[in-house]
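Below is the file upload_3.pdb, which contains PDB, C-alpha atoms.
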ATOM      1  CA  MET D   1      77.349 104.151 114.820
ATOM      2  CA  LEU D   2      76.681 104.487 118.524
ATOM      3  CA  GLN D   3      76.769 107.758 120.398
ATOM      4  CA  PRO D   4      77.071 108.059 124.207
ATOM      5  CA  VAL D   5      73.747 108.296 126.026
ATOM      6  CA  VAL D   6      72.876 109.795 129.382
ATOM      7  CA  ASN D   7      72.692 107.330 132.294
ATOM      8  CA  GLU D   8      73.701 104.332 130.184
ATOM      9  CA  THR D   9      74.593 101.129 132.029
ATOM     10  CA  ILE D  10      78.137  99.787 132.316
ATOM     11  CA  ALA D  11      77.199  97.043 129.871
ATOM     12  CA  GLU D  12      75.876  99.552 127.338
ATOM     13  CA  SER D  13      78.945 101.748 127.719
ATOM     14  CA  SER D  14      81.268  98.772 127.240
ATOM     15  CA  TYR D  15      79.267  97.596 124.243
ATOM     16  CA  ARG D  16      79.424 101.014 122.619
ATOM     17  CA  ARG D  17      83.173 101.407 123.207
ATOM     18  CA  ILE D  18      84.175  97.921 122.036
ATOM     19  CA  ARG D  19      81.893  98.138 119.016
ATOM     20  CA  ALA D  20      83.409 101.475 118.012
ATOM     21  CA  ASP D  21      86.932 100.120 118.494
ATOM     22  CA  ILE D  22      86.142  97.224 116.151
ATOM     23  CA  ILE D  23      84.496  99.414 113.516
ATOM     24  CA  PHE D  24      87.311 101.975 113.518
ATOM     25  CA  GLY D  25      90.029  99.336 113.457
ATOM     26  CA  ARG D  26      91.505  99.922 116.898
ATOM     27  CA  LEU D  27      90.717  96.252 117.483
ATOM     28  CA  ALA D  28      92.096  94.646 114.337
ATOM     29  CA  PRO D  29      90.356  91.996 112.206
ATOM     30  CA  ALA D  30      91.000  88.471 113.560
ATOM     31  CA  GLN D  31      92.520  89.873 116.779
ATOM     32  CA  LYS D  32      92.055  87.598 119.788
ATOM     33  CA  LEU D  33      89.884  89.195 122.444
ATOM     34  CA  LYS D  34      91.343  88.064 125.749
ATOM     35  CA  LEU D  35      88.918  88.746 128.558
ATOM     36  CA  GLU D  36      91.543  89.610 131.168
ATOM     37  CA  SER D  37      93.112  92.246 128.902
ATOM     38  CA  LEU D  38      89.724  93.637 127.944
ATOM     39  CA  LYS D  39      88.727  93.766 131.609
ATOM     40  CA  GLU D  40      91.567  96.217 132.266
ATOM     41  CA  SER D  41      91.154  98.224 129.070
ATOM     42  CA  TYR D  42      87.403  98.739 129.416
ATOM     43  CA  GLU D  43      87.231  98.645 133.221
ATOM     44  CA  THR D  44      84.397  96.163 133.409
ATOM     45  CA  SER D  45      83.748  92.639 134.643
ATOM     46  CA  ILE D  46      84.355  89.355 132.850
ATOM     47  CA  SER D  47      80.645  88.536 132.932
ATOM     48  CA  THR D  48      79.774  91.889 131.352
ATOM     49  CA  LEU D  49      82.415  91.358 128.682
ATOM     50  CA  ARG D  50      80.987  87.939 127.816
ATOM     51  CA  GLU D  51      77.548  89.504 127.477
ATOM     52  CA  VAL D  52      78.903  92.289 125.262
ATOM     53  CA  LEU D  53      80.976  89.988 123.053
ATOM     54  CA  ASN D  54      78.093  87.584 122.546
ATOM     55  CA  ARG D  55      75.940  90.543 121.519
ATOM     56  CA  LEU D  56      78.605  91.685 119.052
ATOM     57  CA  SER D  57      78.851  88.116 117.778
ATOM     58  CA  SER D  58      75.147  88.222 116.887
ATOM     59  CA  GLU D  59      75.916  91.344 114.804
ATOM     60  CA  GLY D  60      78.765  89.638 112.964
ATOM     61  CA  LEU D  61      81.495  91.861 114.419
ATOM     62  CA  VAL D  62      82.922  89.204 116.751
ATOM     63  CA  VAL D  63      83.436  85.474 116.319
ATOM     64  CA  ALA D  64      82.677  83.248 119.304
ATOM     65  CA  GLU D  65      85.047  80.273 119.273
ATOM     66  CA  GLY D  66      83.329  78.059 121.808
ATOM     67  CA  GLN D  67      85.716  77.232 124.630
ATOM     68  CA  LYS D  68      88.550  79.090 122.892
ATOM     69  CA  GLY D  69      87.034  82.512 123.510
ATOM     70  CA  PHE D  70      86.398  85.363 121.112
ATOM     71  CA  GLU D  71      88.104  87.176 118.271
ATOM     72  CA  VAL D  72      87.295  90.168 116.080
ATOM     73  CA  SER D  73      85.607  89.005 112.897
ATOM     74  CA  PRO D  74      88.091  88.700 110.027
ATOM     75  CA  VAL D  75      87.641  90.633 106.788
ATOM     76  CA  SER D  76      87.455  89.233 103.273
ATOM     77  CA  VAL D  77      86.649  90.302  99.744
ATOM     78  CA  SER D  78      83.549  88.112  99.624
ATOM     79  CA  ASP D  79      82.195  89.505 102.881
ATOM     80  CA  LEU D  80      82.786  93.088 101.729
ATOM     81  CA  LYS D  81      80.857  92.443  98.520
ATOM     82  CA  GLU D  82      78.008  90.751 100.388
ATOM     83  CA  THR D  83      77.844  93.565 102.955
ATOM     84  CA  ALA D  84      77.840  96.206 100.212
ATOM     85  CA  ALA D  85      75.047  94.417  98.345
ATOM     86  CA  MET D  86      72.927  94.243 101.486
ATOM     87  CA  ARG D  87      73.577  97.904 102.243
ATOM     88  CA  LEU D  88      72.477  98.874  98.737
ATOM     89  CA  LEU D  89      69.316  96.781  98.991
ATOM     90  CA  LEU D  90      68.266  98.276 102.320
ATOM     91  CA  GLU D  91      69.350 101.839 101.639
ATOM     92  CA  SER D  92      67.759 102.016  98.193
ATOM     93  CA  HIS D  93      64.389 100.920  99.559
ATOM     94  CA  ALA D  94      64.629 103.266 102.551
ATOM     95  CA  LEU D  95      65.745 106.130 100.311
ATOM     96  CA  GLU D  96      62.743 105.754  98.025
ATOM     97  CA  GLN D  97      60.370 105.713 101.000
ATOM     98  CA  SER D  98      62.112 108.661 102.648
ATOM     99  CA  LEU D  99      61.946 110.859  99.551
ATOM    100  CA  ALA D 100      58.247 110.121  99.222
ATOM    101  CA  ARG D 101      57.528 111.048 102.846
ATOM    102  CA  GLY D 102      60.108 113.733 103.603
ATOM    103  CA  ASP D 103      59.042 117.309 104.337
ATOM    104  CA  VAL D 104      60.808 120.549 105.260
ATOM    105  CA  GLU D 105      61.472 119.216 108.767
ATOM    106  CA  TRP D 106      63.395 116.372 107.120
ATOM    107  CA  GLU D 107      65.238 118.650 104.696
ATOM    108  CA  ALA D 108      66.831 120.917 107.313
ATOM    109  CA  PRO D 109      68.876 118.270 109.194
ATOM    110  CA  LEU D 110      69.701 116.599 105.871
ATOM    111  CA  VAL D 111      71.269 119.792 104.518
ATOM    112  CA  ALA D 112      73.103 120.313 107.812
ATOM    113  CA  ALA D 113      74.457 116.741 107.751
ATOM    114  CA  HIS D 114      75.723 117.233 104.212
ATOM    115  CA  TYR D 115      77.405 120.507 105.154
ATOM    116  CA  LYS D 116      79.406 118.808 107.921
ATOM    117  CA  LEU D 117      80.346 115.925 105.640
ATOM    118  CA  ALA D 118      81.428 118.228 102.804
ATOM    119  CA  ARG D 119      83.673 120.207 105.148
ATOM    120  CA  MET D 120      85.316 117.038 106.411
ATOM    121  CA  GLU D 121      85.778 115.761 102.864
ATOM    122  CA  GLN D 122      87.760 118.912 102.168
ATOM    123  CA  VAL D 123      90.026 118.031 105.098
ATOM    124  CA  MET D 124      90.492 114.481 103.801
ATOM    125  CA  SER D 125      91.194 115.751 100.276
ATOM    126  CA  SER D 126      94.043 117.860 101.651
ATOM    127  CA  GLY D 127      95.782 114.639 102.660
ATOM    128  CA  ASP D 128      95.053 115.027 106.382
ATOM    129  CA  THR D 129      93.734 111.638 107.555
ATOM    130  CA  SER D 130      94.003 112.450 111.264
ATOM    131  CA  ARG D 131      90.246 113.043 111.396
ATOM    132  CA  ALA D 132      89.230 109.926 109.494
ATOM    133  CA  GLU D 133      86.857 108.887 112.272
ATOM    134  CA  ASP D 134      85.052 112.238 112.077
ATOM    135  CA  TRP D 135      84.836 111.840 108.302
ATOM    136  CA  LYS D 136      83.139 108.456 108.577
ATOM    137  CA  ARG D 137      80.903 109.647 111.426
ATOM    138  CA  TYR D 138      79.632 112.502 109.276
ATOM    139  CA  ASP D 139      79.278 110.112 106.334
ATOM    140  CA  TRP D 140      77.084 107.884 108.515
ATOM    141  CA  GLU D 141      75.033 110.870 109.698
ATOM    142  CA  PHE D 142      74.407 112.040 106.133
ATOM    143  CA  HIS D 143      73.247 108.654 104.869
ATOM    144  CA  GLN D 144      71.075 108.184 107.952
ATOM    145  CA  ALA D 145      69.557 111.628 107.381
ATOM    146  CA  LEU D 146      68.754 110.692 103.786
ATOM    147  CA  ILE D 147      66.620 107.740 104.864
ATOM    148  CA  SER D 148      65.343 109.151 108.164
ATOM    149  CA  ALA D 149      61.841 109.837 106.794
ATOM    150  CA  CYS D 150      61.335 106.260 105.543
ATOM    151  CA  GLY D 151      58.800 105.566 108.289
ATOM    152  CA  SER D 152      60.325 102.320 109.576
ATOM    153  CA  LYS D 153      62.439 102.139 112.728
ATOM    154  CA  LEU D 154      63.272  98.504 112.009
ATOM    155  CA  LEU D 155      64.555  99.367 108.538
ATOM    156  CA  MET D 156      66.655 102.191 109.977
ATOM    157  CA  GLN D 157      68.119  99.952 112.672
ATOM    158  CA  THR D 158      68.896  97.117 110.269
ATOM    159  CA  HIS D 159      70.501  99.506 107.806
ATOM    160  CA  SER D 160      72.603 101.020 110.615
ATOM    161  CA  VAL D 161      74.062  97.622 111.536
ATOM    162  CA  ILE D 162      74.927  96.822 107.917
ATOM    163  CA  PHE D 163      76.304 100.320 107.314
ATOM    164  CA  ASP D 164      78.657  99.924 110.282
ATOM    165  CA  LYS D 165      79.974  96.628 108.910
ATOM    166  CA  TYR D 166      80.570  98.330 105.555
ATOM    167  CA  LEU D 167      82.214 101.274 107.312
ATOM    168  CA  ARG D 168      84.677  98.911 109.036
ATOM    169  CA  TYR D 169      85.978  97.856 105.646
ATOM    170  CA  GLN D 170      86.508 101.461 104.671
ATOM    171  CA  MET D 171      88.459 102.081 107.869
ATOM    172  CA  VAL D 172      90.570  98.940 107.375
ATOM    173  CA  ALA D 173      91.454 100.097 103.858
ATOM    174  CA  LEU D 174      91.294 103.820 104.762
ATOM    175  CA  SER D 175      89.453 104.051 101.486
ATOM    176  CA  TYR D 176      88.852 107.713 100.653
ATOM    177  CA  ARG D 177      87.999 108.328  96.995
ATOM    178  CA  GLY D 178      88.437 112.081  97.033
ATOM    179  CA  ASP D 179      86.396 114.439  94.880
ATOM    180  CA  VAL D 180      84.476 111.591  93.229
ATOM    181  CA  ALA D 181      82.798 110.581  96.492
ATOM    182  CA  ALA D 182      82.195 114.204  97.463
ATOM    183  CA  GLU D 183      80.487 114.858  94.144
ATOM    184  CA  GLU D 184      78.303 111.777  94.574
ATOM    185  CA  HIS D 185      77.223 113.028  97.989
ATOM    186  CA  GLN D 186      76.289 116.370  96.439
ATOM    187  CA  GLN D 187      74.317 114.582  93.728
ATOM    188  CA  LEU D 188      72.512 112.523  96.358
ATOM    189  CA  LEU D 189      71.569 115.681  98.249
ATOM    190  CA  ASP D 190      70.382 117.455  95.113
ATOM    191  CA  ALA D 191      68.285 114.481  93.989
ATOM    192  CA  ALA D 192      66.800 114.101  97.475
ATOM    193  CA  LEU D 193      65.763 117.743  97.649
ATOM    194  CA  ARG D 194      64.133 117.373  94.206
ATOM    195  CA  ARG D 195      62.453 114.158  95.429
ATOM    196  CA  ASP D 196      64.019 112.410  92.423
ATOM    197  CA  ALA D 197      64.151 108.868  93.782
ATOM    198  CA  GLU D 198      65.321 107.172  90.596
ATOM    199  CA  THR D 199      68.340 109.459  90.231
ATOM    200  CA  ALA D 200      69.124 109.167  93.940
ATOM    201  CA  LYS D 201      69.071 105.365  93.805
ATOM    202  CA  ARG D 202      71.238 105.331  90.688
ATOM    203  CA  VAL D 203      73.814 107.634  92.290
ATOM    204  CA  LEU D 204      73.735 105.529  95.473
ATOM    205  CA  ALA D 205      74.500 102.372  93.486
ATOM    206  CA  PHE D 206      77.510 104.037  91.827
ATOM    207  CA  HIS D 207      78.571 105.412  95.206
ATOM    208  CA  ILE D 208      78.591 102.067  96.999
ATOM    209  CA  GLN D 209      80.119 100.128  94.102
ATOM    210  CA  GLY D 210      82.800 102.781  93.720
ATOM    211  CA  GLY D 211      83.649 102.440  97.405
ATOM    212  CA  VAL D 212      84.003  98.667  97.070
ATOM    213  CA  GLU D 213      86.210  98.928  93.997
ATOM    214  CA  HIS D 214      88.415 101.548  95.618
ATOM    215  CA  ALA D 215      88.862  99.450  98.776
ATOM    216  CA  LEU D 216      89.755  96.378  96.725
ATOM    217  CA  ALA D 217      92.230  98.328  94.599
ATOM    218  CA  ARG D 218      94.257  99.125  97.715
ATOM    219  CA  GLY D 219      95.081  95.426  98.085
ATOM    220  CA  THR D 220      94.554  95.299 101.853
ATOM    221  CA  LEU D 221      91.854  92.594 101.655
ATOM    222  CA  LYS D 222      92.349  88.976 100.738
TER
END
Can the structure in the file be given as structure tokens, please?
Amino acid sequence: MLQPVVNETIAESSYRRIRADIIFGRLAPAQKLKLESLKESYETSISTLREVLNRLSSEGLVVAEGQKGFEVSPVSVSDLKETAAMRLLLESHALEQSLARGDVEWEAPLVAAHYKLARMEQVMSSGDTSRAEDWKRYDWEFHQALISACGSKLLMQTHSVIFDKYLRYQMVALSYRGDVAAEEHQQLLDAALRRDAETAKRVLAFHIQGGVEHALARGTLK
């Protein structure tokens, strides 16, 4: 989940914007990415767009079709399951390491991240989906905060890429599970603050699997 940065290049800005539009579904799965149209929408050059789309292709968010151009990566049940399994593998390991290393400086932003997420979950539970992007942004921030003390930048970066692919499926299905997910987030926070890694990993497994099952139950994936 990319945030704007000060003095970023045009290429970085375009990359961030297109990536976010794919993840949040504004560019739909399997949509053709015509360079001339993108040039106008993102106010950048064709050469920059090719660079950005090839970069997104390496992340699995765009498909490069040789001479035919580019399209947004399609979605499928098998890919969702594979993405979820990879997320669980990475996040479980990072979570265990983070709980072992985390101190009070780690706890404070973690509690703050959960507070923001819990407030947004209340909005979603009311039936208001107009802030779905904020909901998923706070969800990302909370899970990143959980593993932020793991001690490995590479692990954090790899997990972030996989988490964003998983998040795209949730946005495609607009898969909000209500109080169940909110309770699991509270359990994750409580276990983390107790440094109870085994409970945290068990709750995380239920949390991710529950998200997959809920997305599939909506019937929007084939």
Chain and number of each residue from the PyMOL selection byres ((chain D and resi 91) around 9), as a PyMOL selection string: chain D and resi 86-90+92-96+143+147+155-156+159+201+204
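In terms of minimum interatomic distance to D:Ser76, D:Arg168 ranks closest within D:Arg101, D:Arg194, D:His114, D:Arg168, counting all atoms listed in the file.
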12 Å contact set for D:Lys136, only C-alpha atoms, chain neighbours under 6 positions out, as a ChimeraX atom specification: /D:1,20,23-24,116-118,120-121,124,129-130,142-143,163-164,166-171,174-176
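With distances restricted to all atoms listed in the file, D:Lys81 is the closest residue to D:Leu221 from D:Arg16, D:Arg202, D:Arg131, D:Lys81.
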Spatial neighbours of D:Val77, max dist 12 Å, all atoms listed in the file, sep filter under 6 positions, as a VMD selection string: chain D and resid 83 to 84 166 169 173 212 to 213 215 to 222
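For D:Ala28, the list of residues within 12 Å, based on all atoms listed in the file and with local chain neighbours fewer than 2 positions off taken out, reads Ile18, Arg19, Ala20, Asp21, Ile22, Ile23, Phe24, Gly25, Arg26, Ala30, Gln31, Lys32, Leu33, Leu61, Val62, Glu71, Val72, Ser73, Pro74, Val75, Arg168, Tyr169, Met171, Val172 and Ala173 of chain D.
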Store the residues picked out above in a file with C-alpha atoms, as a compact mmCIF listing (two decimals), keeping the file's coordinate frame.
# COMPACT_ATOMS: atom_id res chain seq x y z
CA ILE D 18 84.18 97.92 122.04
CA ARG D 19 81.89 98.14 119.02
CA ALA D 20 83.41 101.48 118.01
CA ASP D 21 86.93 100.12 118.49
CA ILE D 22 86.14 97.22 116.15
CA ILE D 23 84.50 99.41 113.52
CA PHE D 24 87.31 101.98 113.52
CA GLY D 25 90.03 99.34 113.46
CA ARG D 26 91.50 99.92 116.90
CA ALA D 30 91.00 88.47 113.56
CA GLN D 31 92.52 89.87 116.78
CA LYS D 32 92.06 87.60 119.79
CA LEU D 33 89.88 89.20 122.44
CA LEU D 61 81.50 91.86 114.42
CA VAL D 62 82.92 89.20 116.75
CA GLU D 71 88.10 87.18 118.27
CA VAL D 72 87.30 90.17 116.08
CA SER D 73 85.61 89.00 112.90
CA PRO D 74 88.09 88.70 110.03
CA VAL D 75 87.64 90.63 106.79
CA ARG D 168 84.68 98.91 109.04
CA TYR D 169 85.98 97.86 105.65
CA MET D 171 88.46 102.08 107.87
CA VAL D 172 90.57 98.94 107.38
CA ALA D 173 91.45 100.10 103.86
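You will find atom CA of D:Lys165 at 10.5 Å from atom CA of D:Glu82.
The space between atom CA of D:Ala182 and atom CA of D:Cys150 spans 23.7 Å.
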The PyMOL selection byres ((chain D and resi 103) around 12) applied to the shown file, residues as number ranges by chain: D: 98-102, 104-110, 146, 148-150, 192-195
Could you dump the residues just selected with C-alpha atoms as a short mmCIF file (atom, residue, chain, number, x, y, z; two decimals), keeping the file's coordinate frame?
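result.cif was written with the following content:
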data_model
loop_
_atom_site.label_atom_id
_atom_site.label_comp_id
_atom_site.auth_asym_id
_atom_site.auth_seq_id
_atom_site.Cartn_x
_atom_site.Cartn_y
_atom_site.Cartn_z
CA SER D 98 62.11 108.66 102.65
CA LEU D 99 61.95 110.86 99.55
CA ALA D 100 58.25 110.12 99.22
CA ARG D 101 57.53 111.05 102.85
CA GLY D 102 60.11 113.73 103.60
CA VAL D 104 60.81 120.55 105.26
CA GLU D 105 61.47 119.22 108.77
CA TRP D 106 63.40 116.37 107.12
CA GLU D 107 65.24 118.65 104.70
CA ALA D 108 66.83 120.92 107.31
CA PRO D 109 68.88 118.27 109.19
CA LEU D 110 69.70 116.60 105.87
CA LEU D 146 68.75 110.69 103.79
CA SER D 148 65.34 109.15 108.16
CA ALA D 149 61.84 109.84 106.79
CA CYS D 150 61.34 106.26 105.54
CA ALA D 192 66.80 114.10 97.48
CA LEU D 193 65.76 117.74 97.65
CA ARG D 194 64.13 117.37 94.21
CA ARG D 195 62.45 114.16 95.43
#
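By chain and then residue number, the residues within 10 Å of stretch 39-48 of chain D are Ile10, Ala11, Glu12, Ser13, Ser14, Tyr15, Arg17, Ile18, Lys34, Leu35, Glu36, Glu51, Val52, Leu53 and Asn54 of chain D, counting only C-alpha atoms and disregarding those fewer than 3 positions away in sequence.
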Counting all atoms listed in the file, the option among D:Gly178, D:Gly151, D:Gly60, D:Gly210 closest to D:Gly127: D:Gly178
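Each of D:Val111, D:Leu38, D:Leu56, D:Leu80 was checked against D:Glu141 using all atoms listed in the file; the smallest atom-to-atom distance is that of D:Val111.
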Please write out, as JSON, where the centre of an axis-aligned box around all listed atoms of stretch 33-38 of chain D lies and how long its edges are, in Å to one decimal, after adding 6 Å on each side.
{"center_x": 91.0, "center_y": 90.9, "center_z": 126.8, "size_x": 16.2, "size_y": 17.6, "size_z": 20.7}
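In this model, the gap between atom CA of D:Lys153 and atom CA of D:Glu59 comes to 17.4 Å.
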